[in-house]
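Asks: As input, take data-v1.txt (compact mmCIF, C-alpha atoms and all ligand atoms):
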# COMPACT_ATOMS: atom_id res chain seq x y z
CA LEU I 1 8.45 -26.99 -13.87
CA GLY I 2 11.85 -26.01 -12.54
CA ASP I 3 12.81 -26.27 -8.89
CA VAL I 4 12.54 -22.56 -8.09
CA TRP I 5 9.26 -20.91 -7.19
CA GLU I 6 8.48 -17.25 -6.55
CA GLU I 7 5.55 -15.82 -4.66
CA TYR I 8 4.35 -12.42 -3.53
CA ALA I 9 2.95 -12.06 -0.03
CA ARG I 10 0.61 -9.09 0.17
CA ALA I 11 -0.28 -6.96 3.18
CA LYS I 12 -3.84 -6.63 4.47
CA ILE I 13 -5.77 -3.83 6.10
CA ASN I 14 -8.96 -4.03 8.15
CA LEU I 15 -11.86 -2.02 6.80
CA THR I 16 -13.74 -3.03 9.94
CA LEU I 17 -12.72 -4.83 13.13
CA ASP I 18 -15.24 -5.61 15.84
CA VAL I 19 -14.75 -7.72 18.95
CA LEU I 20 -17.89 -9.69 19.82
CA GLY I 21 -16.70 -11.39 22.99
CA LEU I 22 -14.14 -13.58 24.69
CA ARG I 23 -14.09 -17.30 23.82
CA GLU I 24 -13.43 -20.22 26.10
CA ASP I 25 -10.13 -20.91 24.31
CA GLY I 26 -8.89 -17.43 25.34
CA TYR I 27 -9.17 -15.89 21.87
CA HIS I 28 -11.57 -13.06 21.14
CA GLU I 29 -14.51 -13.65 18.85
CA VAL I 30 -14.08 -11.11 16.05
CA GLU I 31 -15.93 -9.88 13.00
CA MET I 32 -13.78 -8.07 10.48
CA ILE I 33 -13.74 -7.08 6.86
CA MET I 34 -10.28 -7.58 5.45
CA GLN I 35 -8.77 -6.15 2.30
CA THR I 36 -5.53 -7.00 0.50
CA VAL I 37 -3.32 -4.16 -0.73
CA ASP I 38 -0.42 -4.32 -3.17
CA LEU I 39 2.39 -3.72 -0.67
CA CYS I 40 4.18 -7.07 -0.69
CA ASP I 41 7.08 -9.20 0.47
CA ARG I 42 8.80 -11.37 -2.16
CA LEU I 43 9.64 -14.96 -1.43
CA LYS I 44 11.82 -17.30 -3.47
CA PHE I 45 11.76 -21.07 -2.87
CA ARG I 46 14.53 -23.40 -4.02
CA SER I 47 14.48 -27.19 -3.58
CA ARG I 48 17.17 -28.71 -1.38
CA SER I 49 18.53 -32.19 -1.81
CA ASP I 50 18.39 -32.84 1.96
CA GLU I 51 15.29 -32.49 4.18
CA GLN I 52 16.30 -29.19 5.81
CA ILE I 53 14.33 -25.97 5.75
CA THR I 54 16.63 -22.95 5.60
CA ILE I 55 15.69 -19.28 5.48
CA GLN I 56 17.49 -16.09 4.62
CA THR I 57 16.02 -12.61 4.84
CA ASN I 58 17.01 -8.99 4.27
CA LEU I 59 15.94 -8.06 7.84
CA PRO I 60 18.74 -9.08 10.21
CA TYR I 61 16.46 -9.00 13.29
CA LEU I 62 13.91 -11.49 11.93
CA PRO I 63 14.36 -15.03 13.25
CA VAL I 64 15.14 -17.66 10.59
CA ASP I 65 14.30 -20.72 12.72
CA GLU I 66 10.95 -22.15 13.87
CA ARG I 67 10.01 -18.72 15.28
CA ASN I 68 9.60 -17.54 11.68
CA LEU I 69 6.05 -18.20 10.43
CA VAL I 70 7.51 -19.15 7.04
CA TYR I 71 9.56 -21.91 8.66
CA ARG I 72 6.48 -23.13 10.53
CA ALA I 73 4.40 -23.22 7.36
CA ALA I 74 7.06 -25.14 5.44
CA ALA I 75 7.67 -27.66 8.25
CA LEU I 76 3.94 -28.21 8.76
CA LEU I 77 3.32 -28.88 5.09
CA ARG I 78 6.40 -31.13 4.81
CA ASP I 79 5.37 -33.22 7.84
CA HIS I 80 1.66 -33.28 6.94
CA CYS I 81 2.37 -34.61 3.44
CA GLY I 82 5.41 -36.73 4.31
CA VAL I 83 7.59 -34.81 1.85
CA LYS I 84 11.17 -36.11 1.77
CA GLN I 85 12.63 -32.89 0.43
CA GLY I 86 13.82 -29.67 1.99
CA VAL I 87 13.67 -26.10 0.77
CA HIS I 88 15.70 -22.90 0.94
CA ILE I 89 13.56 -19.79 1.25
CA ASP I 90 14.70 -16.25 0.57
CA ILE I 91 12.36 -13.63 2.07
CA VAL I 92 12.64 -10.03 0.94
CA LYS I 93 10.52 -8.04 3.41
CA HIS I 94 8.84 -4.81 2.36
CA ILE I 95 5.81 -5.07 4.67
CA PRO I 96 6.68 -3.47 8.02
CA VAL I 97 6.95 -6.01 10.87
CA ALA I 98 4.51 -6.06 13.82
CA ALA I 99 2.53 -3.33 12.15
CA GLY I 100 -1.05 -4.67 11.96
CA LEU I 101 -0.60 -5.57 8.29
CA ALA I 102 -0.37 -9.38 8.72
CA GLY I 103 3.06 -9.51 7.09
CA GLY I 104 4.14 -12.71 8.82
CA SER I 105 0.79 -14.42 8.17
CA SER I 106 0.92 -13.42 4.52
CA ASP I 107 4.45 -14.84 4.22
CA ALA I 108 3.20 -18.10 5.77
CA ALA I 109 0.27 -18.23 3.34
CA ALA I 110 2.60 -17.56 0.39
CA THR I 111 4.78 -20.43 1.62
CA LEU I 112 1.82 -22.82 1.65
CA ARG I 113 0.86 -21.75 -1.90
CA ALA I 114 4.41 -22.02 -3.20
CA LEU I 115 5.32 -25.35 -1.65
CA ASN I 116 2.00 -26.85 -2.74
CA GLY I 117 3.27 -26.10 -6.24
CA LEU I 118 7.01 -26.73 -5.84
CA TRP I 119 6.46 -30.09 -4.13
CA GLN I 120 3.56 -30.91 -6.49
CA LEU I 121 1.20 -31.73 -3.61
CA GLY I 122 -2.06 -30.71 -5.25
CA LEU I 123 -3.74 -29.82 -1.91
CA SER I 124 -7.05 -27.97 -2.18
CA VAL I 125 -7.59 -24.46 -0.77
CA THR I 126 -9.72 -26.07 1.97
CA GLU I 127 -6.83 -28.30 3.05
CA LEU I 128 -4.35 -25.41 2.94
CA THR I 129 -6.81 -23.28 4.95
CA LEU I 130 -6.96 -25.90 7.73
CA LEU I 131 -3.17 -26.07 7.90
CA GLY I 132 -2.93 -22.26 7.73
CA ALA I 133 -5.37 -21.76 10.61
CA SER I 134 -3.08 -23.76 12.90
CA ILE I 135 -0.21 -21.34 12.14
CA GLY I 136 -2.15 -18.11 12.73
CA SER I 137 -5.66 -16.65 12.56
CA ASP I 138 -4.86 -14.38 9.59
CA VAL I 139 -3.26 -17.09 7.44
CA PRO I 140 -6.54 -18.47 5.96
CA PHE I 141 -7.49 -15.00 4.70
CA CYS I 142 -4.00 -14.41 3.28
CA LEU I 143 -4.14 -17.61 1.21
CA ARG I 144 -6.45 -15.97 -1.31
CA GLY I 145 -6.76 -12.39 -0.07
CA GLY I 146 -8.99 -9.89 -1.85
CA THR I 147 -11.98 -8.65 0.12
CA ALA I 148 -13.50 -10.95 2.73
CA LEU I 149 -15.49 -11.16 5.93
CA ALA I 150 -13.55 -12.95 8.67
CA THR I 151 -15.24 -14.36 11.78
CA GLY I 152 -14.43 -16.78 14.60
CA ARG I 153 -10.93 -15.85 15.77
CA GLY I 154 -10.46 -14.45 12.27
CA GLU I 155 -9.86 -17.78 10.54
CA ARG I 156 -13.37 -18.30 9.12
CA ILE I 157 -13.44 -16.62 5.73
CA GLN I 158 -16.37 -15.60 3.62
CA PRO I 159 -15.07 -14.16 0.34
CA LEU I 160 -16.69 -11.00 -0.98
CA PRO I 161 -16.64 -9.67 -4.54
CA ASP I 162 -13.44 -7.74 -5.33
CA ALA I 163 -13.77 -4.07 -4.43
CA LEU I 164 -12.73 -1.26 -6.77
CA SER I 165 -9.02 -0.57 -6.85
CA ILE I 166 -9.19 2.18 -4.22
CA TRP I 167 -6.02 4.16 -3.39
CA VAL I 168 -4.57 3.66 0.07
CA VAL I 169 -1.82 5.45 1.96
CA LEU I 170 -0.27 3.39 4.76
CA ALA I 171 1.77 5.02 7.49
CA LYS I 172 3.53 3.15 10.28
CA PRO I 173 4.78 5.23 13.21
CA PRO I 174 8.17 4.11 14.54
CA LEU I 175 6.86 1.85 17.30
CA SER I 176 5.79 -1.76 17.54
CA VAL I 177 2.59 -3.03 19.05
CA SER I 178 2.02 -6.55 20.32
CA THR I 179 -1.32 -7.90 19.06
CA ALA I 180 -1.65 -10.05 22.20
CA ASP I 181 -1.17 -7.00 24.49
CA VAL I 182 -3.78 -5.00 22.62
CA TYR I 183 -6.40 -7.77 22.88
CA ARG I 184 -5.53 -8.32 26.54
CA ASN I 185 -6.18 -4.65 27.31
CA TYR I 186 -9.38 -4.47 25.28
CA ARG I 187 -12.44 -3.24 27.24
CA ASN I 188 -15.82 -3.17 25.56
CA GLU I 189 -16.99 -0.16 27.58
CA LEU I 190 -14.10 2.01 26.37
CA VAL I 191 -15.14 1.77 22.71
CA GLN I 192 -16.60 5.03 21.45
CA ARG I 193 -17.69 3.92 18.01
CA ARG I 194 -18.28 0.38 16.76
CA PRO I 195 -18.25 -0.51 13.08
CA ASP I 196 -21.51 -1.66 11.54
CA THR I 197 -20.46 -4.69 9.50
CA GLY I 198 -23.79 -4.89 7.67
CA ARG I 199 -23.53 -1.30 6.50
CA MET I 200 -19.92 -1.82 5.36
CA LEU I 201 -21.00 -4.88 3.38
CA HIS I 202 -23.66 -2.72 1.72
CA ALA I 203 -21.12 0.04 0.93
CA LEU I 204 -18.79 -2.57 -0.61
CA GLN I 205 -21.63 -3.96 -2.69
CA LEU I 206 -22.27 -0.47 -4.09
CA ASN I 207 -18.49 -0.02 -4.47
CA LYS I 208 -18.54 3.63 -3.44
CA THR I 209 -15.27 4.84 -1.93
CA LYS I 210 -16.91 7.65 0.09
CA MET I 211 -19.46 5.28 1.60
CA ILE I 212 -16.77 2.70 2.37
CA GLY I 213 -14.79 5.50 4.03
CA ARG I 214 -17.73 6.49 6.23
CA GLU I 215 -18.20 2.92 7.46
CA LEU I 216 -14.57 2.28 8.46
CA GLY I 217 -14.27 1.28 12.11
CA ASN I 218 -11.89 -0.59 14.41
CA VAL I 219 -12.68 -1.11 18.10
CA LEU I 220 -8.98 -1.76 18.86
CA GLU I 221 -8.24 1.94 18.26
CA SER I 222 -9.60 2.44 21.81
CA VAL I 223 -6.69 0.38 23.18
CA THR I 224 -3.77 1.35 20.93
CA PHE I 225 -4.62 5.09 20.92
CA ALA I 226 -4.61 5.06 24.75
CA MET I 227 -1.21 3.27 24.80
CA HIS I 228 0.32 5.43 22.06
CA PRO I 229 -1.39 8.83 21.55
CA GLU I 230 0.88 9.47 18.54
CA VAL I 231 -1.12 6.88 16.58
CA ALA I 232 -4.31 8.91 17.12
CA ARG I 233 -2.42 12.06 16.14
CA LEU I 234 -1.24 10.39 12.93
CA LYS I 235 -4.84 9.52 12.02
CA ARG I 236 -5.97 13.13 12.59
CA ARG I 237 -3.02 14.37 10.52
CA MET I 238 -3.97 12.13 7.59
CA LEU I 239 -7.48 13.56 7.62
CA ARG I 240 -6.09 17.11 7.78
CA PHE I 241 -3.90 16.38 4.76
CA GLY I 242 -6.99 15.58 2.70
CA ALA I 243 -7.68 11.87 3.17
CA SER I 244 -11.39 11.16 2.80
CA ALA I 245 -11.23 8.61 5.63
CA ALA I 246 -8.60 7.00 7.86
CA LEU I 247 -8.39 4.06 10.27
CA MET I 248 -5.89 2.04 12.26
CA SER I 249 -5.31 -1.42 10.77
CA GLY I 250 -5.57 -4.50 13.01
CA SER I 251 -4.00 -3.85 16.40
CA GLY I 252 -1.88 -1.09 14.86
CA PRO I 253 0.20 0.94 14.86
CA THR I 254 -0.22 1.34 11.07
CA VAL I 255 -2.90 3.83 10.08
CA PHE I 256 -4.27 3.88 6.55
CA ALA I 257 -6.10 6.53 4.57
CA LEU I 258 -8.41 5.98 1.61
CA ALA I 259 -8.65 8.26 -1.40
CA ASP I 260 -10.85 7.98 -4.46
CA ARG I 261 -8.37 9.79 -6.70
CA GLU I 262 -4.69 9.22 -7.25
CA HIS I 263 -3.75 12.89 -6.84
CA ARG I 264 -5.45 13.02 -3.42
CA ALA I 265 -3.63 9.89 -2.30
CA ARG I 266 -0.34 11.37 -3.51
CA ARG I 267 -0.97 14.58 -1.59
CA VAL I 268 -1.46 12.66 1.67
CA TYR I 269 1.56 10.46 0.85
CA ASN I 270 3.86 13.40 0.08
CA SER I 271 2.76 15.40 3.12
CA LEU I 272 3.44 12.49 5.49
CA ARG I 273 6.80 11.66 3.98
CA GLY I 274 8.03 15.02 5.25
CA TYR I 275 8.25 13.69 8.77
CA MET I 276 8.00 9.94 8.82
CA GLN I 277 9.87 7.13 7.15
CA SER I 278 7.42 4.27 6.73
CA VAL I 279 4.82 5.62 4.34
CA TYR I 280 3.48 3.62 1.39
CA LEU I 281 1.19 4.41 -1.50
CA CYS I 282 -0.78 1.40 -2.66
CA ARG I 283 -4.13 0.14 -3.91
CA PHE I 284 -6.71 -2.52 -3.12
CA VAL I 285 -6.07 -5.80 -4.94
CA GLY I 286 -8.43 -8.66 -5.67
CA ARG I 287 -8.53 -12.29 -4.66
CA ILE I 288 -6.09 -14.90 -5.95
CA ASP I 289 -7.75 -17.42 -8.21
CA GLU I 290 -8.39 -20.81 -6.57
CA ALA I 291 -6.69 -22.60 -9.46
CA THR I 292 -3.55 -20.51 -8.91
CA VAL I 293 -3.44 -21.35 -5.20
CA CYS I 294 -3.63 -25.10 -5.62
CA LEU I 295 -1.81 -25.31 -8.92
CA ARG I 296 -1.49 -28.89 -10.06
CA THR I 297 1.24 -29.92 -12.36
CA GLU I 298 -0.26 -32.87 -14.17
P1 LIG G 301 -1.11 -9.16 12.51
O1 LIG G 301 -1.72 -8.01 11.81
O2 LIG G 301 -1.52 -10.51 11.95
O3 LIG G 301 -1.17 -9.10 14.01
P2 LIG G 301 1.44 -7.98 12.30
O4 LIG G 301 1.55 -7.31 10.96
O5 LIG G 301 1.06 -7.11 13.45
O6 LIG G 301 0.42 -9.16 12.17
P3 LIG G 301 3.84 -9.47 11.77
O7 LIG G 301 4.58 -8.53 10.91
O8 LIG G 301 3.17 -10.61 11.15
O9 LIG G 301 2.77 -8.68 12.68
O10 LIG G 301 4.90 -9.95 12.88
C1 LIG G 301 4.60 -10.15 14.22
C2 LIG G 301 5.71 -10.98 14.87
O11 LIG G 301 5.90 -12.20 14.15
C3 LIG G 301 7.06 -10.30 14.90
O12 LIG G 301 7.44 -10.18 16.25
C4 LIG G 301 8.03 -11.19 14.14
O13 LIG G 301 9.25 -11.39 14.80
C5 LIG G 301 7.30 -12.51 14.00
N1 LIG G 301 7.50 -13.12 12.66
C6 LIG G 301 7.66 -14.42 12.42
N2 LIG G 301 7.81 -14.66 11.10
C7 LIG G 301 7.72 -13.49 10.48
C8 LIG G 301 7.80 -13.09 9.11
N3 LIG G 301 8.02 -13.97 8.12
N4 LIG G 301 7.63 -11.79 8.83
C9 LIG G 301 7.41 -10.90 9.83
N5 LIG G 301 7.35 -11.22 11.12
C10 LIG G 301 7.50 -12.49 11.47
Give the structure from this file in structure tokens form.
Replies:
Amino acid sequence: LGDVWEEYARAKINLTLDVLGLREDGYHEVEMIMQTVDLCDRLKFRSRSDEQITIQTNLPYLPVDERNLVYRAAALLRDHCGVKQGVHIDIVKHIPVAAGLAGGSSDAAATLRALNGLWQLGLSVTELTLLGASIGSDVPFCLRGGTALATGRGERIQPLPDALSIWVVLAKPPLSVSTADVYRNYRNELVQRRPDTGRMLHALQLNKTKMIGRELGNVLESVTFAMHPEVARLKRRMLRFGASAALMSGSGPTVFALADREHRARRVYNSLRGYMQSVYLCRFVGRIDEATVCLRTE
């Protein structure tokens, strides 16, 4: 193996997101069904002869020091395994930042996968998951992606069979939402419709796009829609343009629409592009093979 490694970091959407309560550690207890889509950042890892971790990225406003989740993932793995080598990481961002798509978490997960290979550490997915959970709640899911049920503060992952490759249109209005603010303002009694996780699991088992669409639900819409009514308007607009179902992802502000046919997805995509910039056409993608995550070199 050479000393350069490349990884894709894929975005996620929430097919369901329910808040079950507040925990003693201050986090909310959640229950969510997560799905990877094929919108991705590209990361390139190059060994350094010294022990430094250096980062460059195409987004000038992203921090390149320990505030970057990629830096944290690399430093954690280096210190945990006593690696005496550094790395230079080039991040090409395509996933919108602070959008509810877990871009930063996915970059961190890609970093754990890549450096496990580049540094020939041979850590198992379980070990990487434990490290990942200390970086962020979404990192364990992002390690393997696909379709999964996430519980706890989101870090406990139960993989589900890969769903069909459903078409998705993502649209991010030009505003940023802080996940912490959204959770802080969450009030159970303001939720109008809760997702039924059991019914979504059943719809996924049958792999029927229309049924999956009917079961979409995210209790955080009650908070973000109240803060930013344009997010609610965007969701209504997607439905008017012919999406079979639409939902806000995570704490927002990205809204996604599902379509069972490519031409329907394209119609929604083209209609939205008329008046907003961040619109993406993508599809569901499956889980990364365990052997690929913890690739051993012997
Ligand atoms: P989630 O859905 O998990 O809440 P998000 O998609 O809303 O995540 P991110 O794009 O992960 O949010 O970024 C949130 C914050 O993390 C930003 O303020 C950003 O500065 C910081 N951050 C740190 N590292 C990264 C990274 N590699 N990519 C994007 N953001 C990063």
Asks: For atom CA of His202 of chain I and atom CA of Gly100 of chain I, quote the distance in Å rounded to one decimal.
Replies: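 Value for the atom CA of His202 of chain I-atom CA of Gly100 of chain I distance: 24.9 Å.
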Asks: Which protein, DNA or RNA residues have an atom within 6 Å of ligand LIG 301 (chain G), counting all atoms listed in the file, as a count of residues only?
Replies: 18
Asks: Would you mind listing what lies within 7 Å of Val30 of chain I as an MDAnalysis selection string, with only C-alpha atoms counted and same-chain residues fewer than 6 positions away left out?
Replies: chainID I and resid 18:20 151:154
Asks: Between atom CA of Ala232 of chain I and atom CA of Ile95 of chain I, what is the spacing in Å?
Replies: 21.3 Å
Asks: So the first atom is atom CA of Arg187 of chain I and the second is atom CA of Val223 of chain I; what is the distance between them in Å, to one decimal place?
Replies: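 These atoms are spaced 7.9 Å apart.
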Asks: Taking every listed atom of segment 80-92 of chain I and adding 4 Å to each side, what centre and edge lengths in Å (one decimal) does the axis-aligned box have, as JSON?
Replies:
{"center_x": 8.7, "center_y": -23.4, "center_z": 3.7, "size_x": 22.0, "size_y": 34.7, "size_z": 14.5}
Asks: What's the 10 Å shell around Ile212 of chain I, counting all atoms listed in the file, without same-chain residues fewer than 6 positions away, as a short mmCIF file (atom, residue, chain, number, x, y, z; two decimals) with C-alpha atoms, in the coordinates of the input?
Replies:
data_model
loop_
_atom_site.label_atom_id
_atom_site.label_comp_id
_atom_site.auth_asym_id
_atom_site.auth_seq_id
_atom_site.Cartn_x
_atom_site.Cartn_y
_atom_site.Cartn_z
CA LEU I 15 -11.86 -2.02 6.80
CA THR I 16 -13.74 -3.03 9.94
CA ARG I 199 -23.53 -1.30 6.50
CA MET I 200 -19.92 -1.82 5.36
CA LEU I 201 -21.00 -4.88 3.38
CA HIS I 202 -23.66 -2.72 1.72
CA ALA I 203 -21.12 0.04 0.93
CA LEU I 204 -18.79 -2.57 -0.61
CA GLN I 205 -21.63 -3.96 -2.69
CA LEU I 206 -22.27 -0.47 -4.09
CA ALA I 245 -11.23 8.61 5.63
CA LEU I 258 -8.41 5.98 1.61
#
Asks: Add whatever atoms are absent from segment 193-228 of chain I to reach N, CA and C atoms, and provide the output as a compact mmCIF listing (two decimals), keeping the file's coordinate frame.
Replies:
# COMPACT_ATOMS: atom_id res chain seq x y z
N ARG I 193 -16.92 4.12 19.24
CA ARG I 193 -17.69 3.92 18.01
C ARG I 193 -17.41 2.53 17.46
N ARG I 194 -18.45 1.73 17.31
CA ARG I 194 -18.28 0.38 16.76
C ARG I 194 -18.58 0.41 15.27
N PRO I 195 -17.89 -0.43 14.50
CA PRO I 195 -18.25 -0.51 13.08
C PRO I 195 -19.58 -1.24 12.93
N ASP I 196 -20.28 -0.95 11.86
CA ASP I 196 -21.51 -1.66 11.54
C ASP I 196 -21.19 -2.53 10.32
N THR I 197 -20.93 -3.80 10.58
CA THR I 197 -20.46 -4.69 9.50
C THR I 197 -21.46 -4.76 8.36
N GLY I 198 -22.74 -4.81 8.71
CA GLY I 198 -23.79 -4.89 7.67
C GLY I 198 -23.74 -3.69 6.75
N ARG I 199 -23.56 -2.51 7.35
CA ARG I 199 -23.53 -1.30 6.50
C ARG I 199 -22.27 -1.27 5.64
N MET I 200 -21.14 -1.77 6.18
CA MET I 200 -19.92 -1.82 5.36
C MET I 200 -20.12 -2.79 4.20
N LEU I 201 -20.77 -3.91 4.46
CA LEU I 201 -21.00 -4.88 3.38
C LEU I 201 -21.83 -4.22 2.28
N HIS I 202 -22.81 -3.41 2.69
CA HIS I 202 -23.66 -2.72 1.72
C HIS I 202 -22.82 -1.71 0.91
N ALA I 203 -21.97 -0.95 1.61
CA ALA I 203 -21.12 0.04 0.93
C ALA I 203 -20.20 -0.66 -0.08
N LEU I 204 -19.69 -1.83 0.30
CA LEU I 204 -18.79 -2.57 -0.61
C LEU I 204 -19.56 -3.07 -1.83
N GLN I 205 -20.79 -3.48 -1.59
CA GLN I 205 -21.63 -3.96 -2.69
C GLN I 205 -21.85 -2.84 -3.72
N LEU I 206 -22.05 -1.62 -3.20
CA LEU I 206 -22.27 -0.47 -4.09
C LEU I 206 -20.94 0.03 -4.66
N ASN I 207 -19.83 -0.40 -4.04
CA ASN I 207 -18.49 -0.02 -4.47
C ASN I 207 -18.27 1.48 -4.55
N LYS I 208 -18.71 2.17 -3.50
CA LYS I 208 -18.54 3.63 -3.44
C LYS I 208 -17.50 3.97 -2.38
N THR I 209 -16.39 4.56 -2.84
CA THR I 209 -15.27 4.84 -1.93
C THR I 209 -15.71 5.69 -0.74
N LYS I 210 -16.50 6.75 -1.01
CA LYS I 210 -16.91 7.65 0.09
C LYS I 210 -17.72 6.91 1.14
N MET I 211 -18.63 6.04 0.66
CA MET I 211 -19.46 5.28 1.60
C MET I 211 -18.60 4.30 2.40
N ILE I 212 -17.67 3.65 1.69
CA ILE I 212 -16.77 2.70 2.37
C ILE I 212 -16.00 3.47 3.44
N GLY I 213 -15.53 4.65 3.09
CA GLY I 213 -14.79 5.50 4.03
C GLY I 213 -15.60 5.82 5.27
N ARG I 214 -16.88 6.13 5.08
CA ARG I 214 -17.73 6.49 6.23
C ARG I 214 -17.95 5.31 7.17
N GLU I 215 -17.89 4.10 6.64
CA GLU I 215 -18.20 2.92 7.46
C GLU I 215 -16.96 2.29 8.10
N LEU I 216 -15.78 2.85 7.85
CA LEU I 216 -14.57 2.28 8.46
C LEU I 216 -14.69 2.31 9.99
N GLY I 217 -14.24 1.26 10.65
CA GLY I 217 -14.27 1.28 12.11
C GLY I 217 -13.45 0.14 12.68
N ASN I 218 -12.75 0.41 13.78
CA ASN I 218 -11.89 -0.59 14.41
C ASN I 218 -11.92 -0.37 15.92
N VAL I 219 -12.53 -1.31 16.64
CA VAL I 219 -12.68 -1.11 18.10
C VAL I 219 -11.33 -1.14 18.82
N LEU I 220 -10.29 -1.69 18.19
CA LEU I 220 -8.98 -1.76 18.86
C LEU I 220 -8.28 -0.41 18.91
N GLU I 221 -8.81 0.58 18.15
CA GLU I 221 -8.24 1.94 18.26
C GLU I 221 -8.33 2.40 19.71
N SER I 222 -9.41 1.99 20.42
CA SER I 222 -9.60 2.44 21.81
C SER I 222 -8.42 2.00 22.68
N VAL I 223 -7.81 0.88 22.37
CA VAL I 223 -6.69 0.38 23.18
C VAL I 223 -5.37 1.01 22.73
N THR I 224 -5.08 0.91 21.43
CA THR I 224 -3.77 1.35 20.93
C THR I 224 -3.61 2.88 21.04
N PHE I 225 -4.70 3.63 20.80
CA PHE I 225 -4.62 5.09 20.92
C PHE I 225 -4.31 5.50 22.36
N ALA I 226 -4.86 4.74 23.34
CA ALA I 226 -4.61 5.06 24.75
C ALA I 226 -3.14 4.74 25.10
N MET I 227 -2.61 3.64 24.53
CA MET I 227 -1.21 3.27 24.80
C MET I 227 -0.24 4.22 24.11
N HIS I 228 -0.59 4.62 22.89
CA HIS I 228 0.32 5.43 22.06
C HIS I 228 -0.46 6.57 21.40
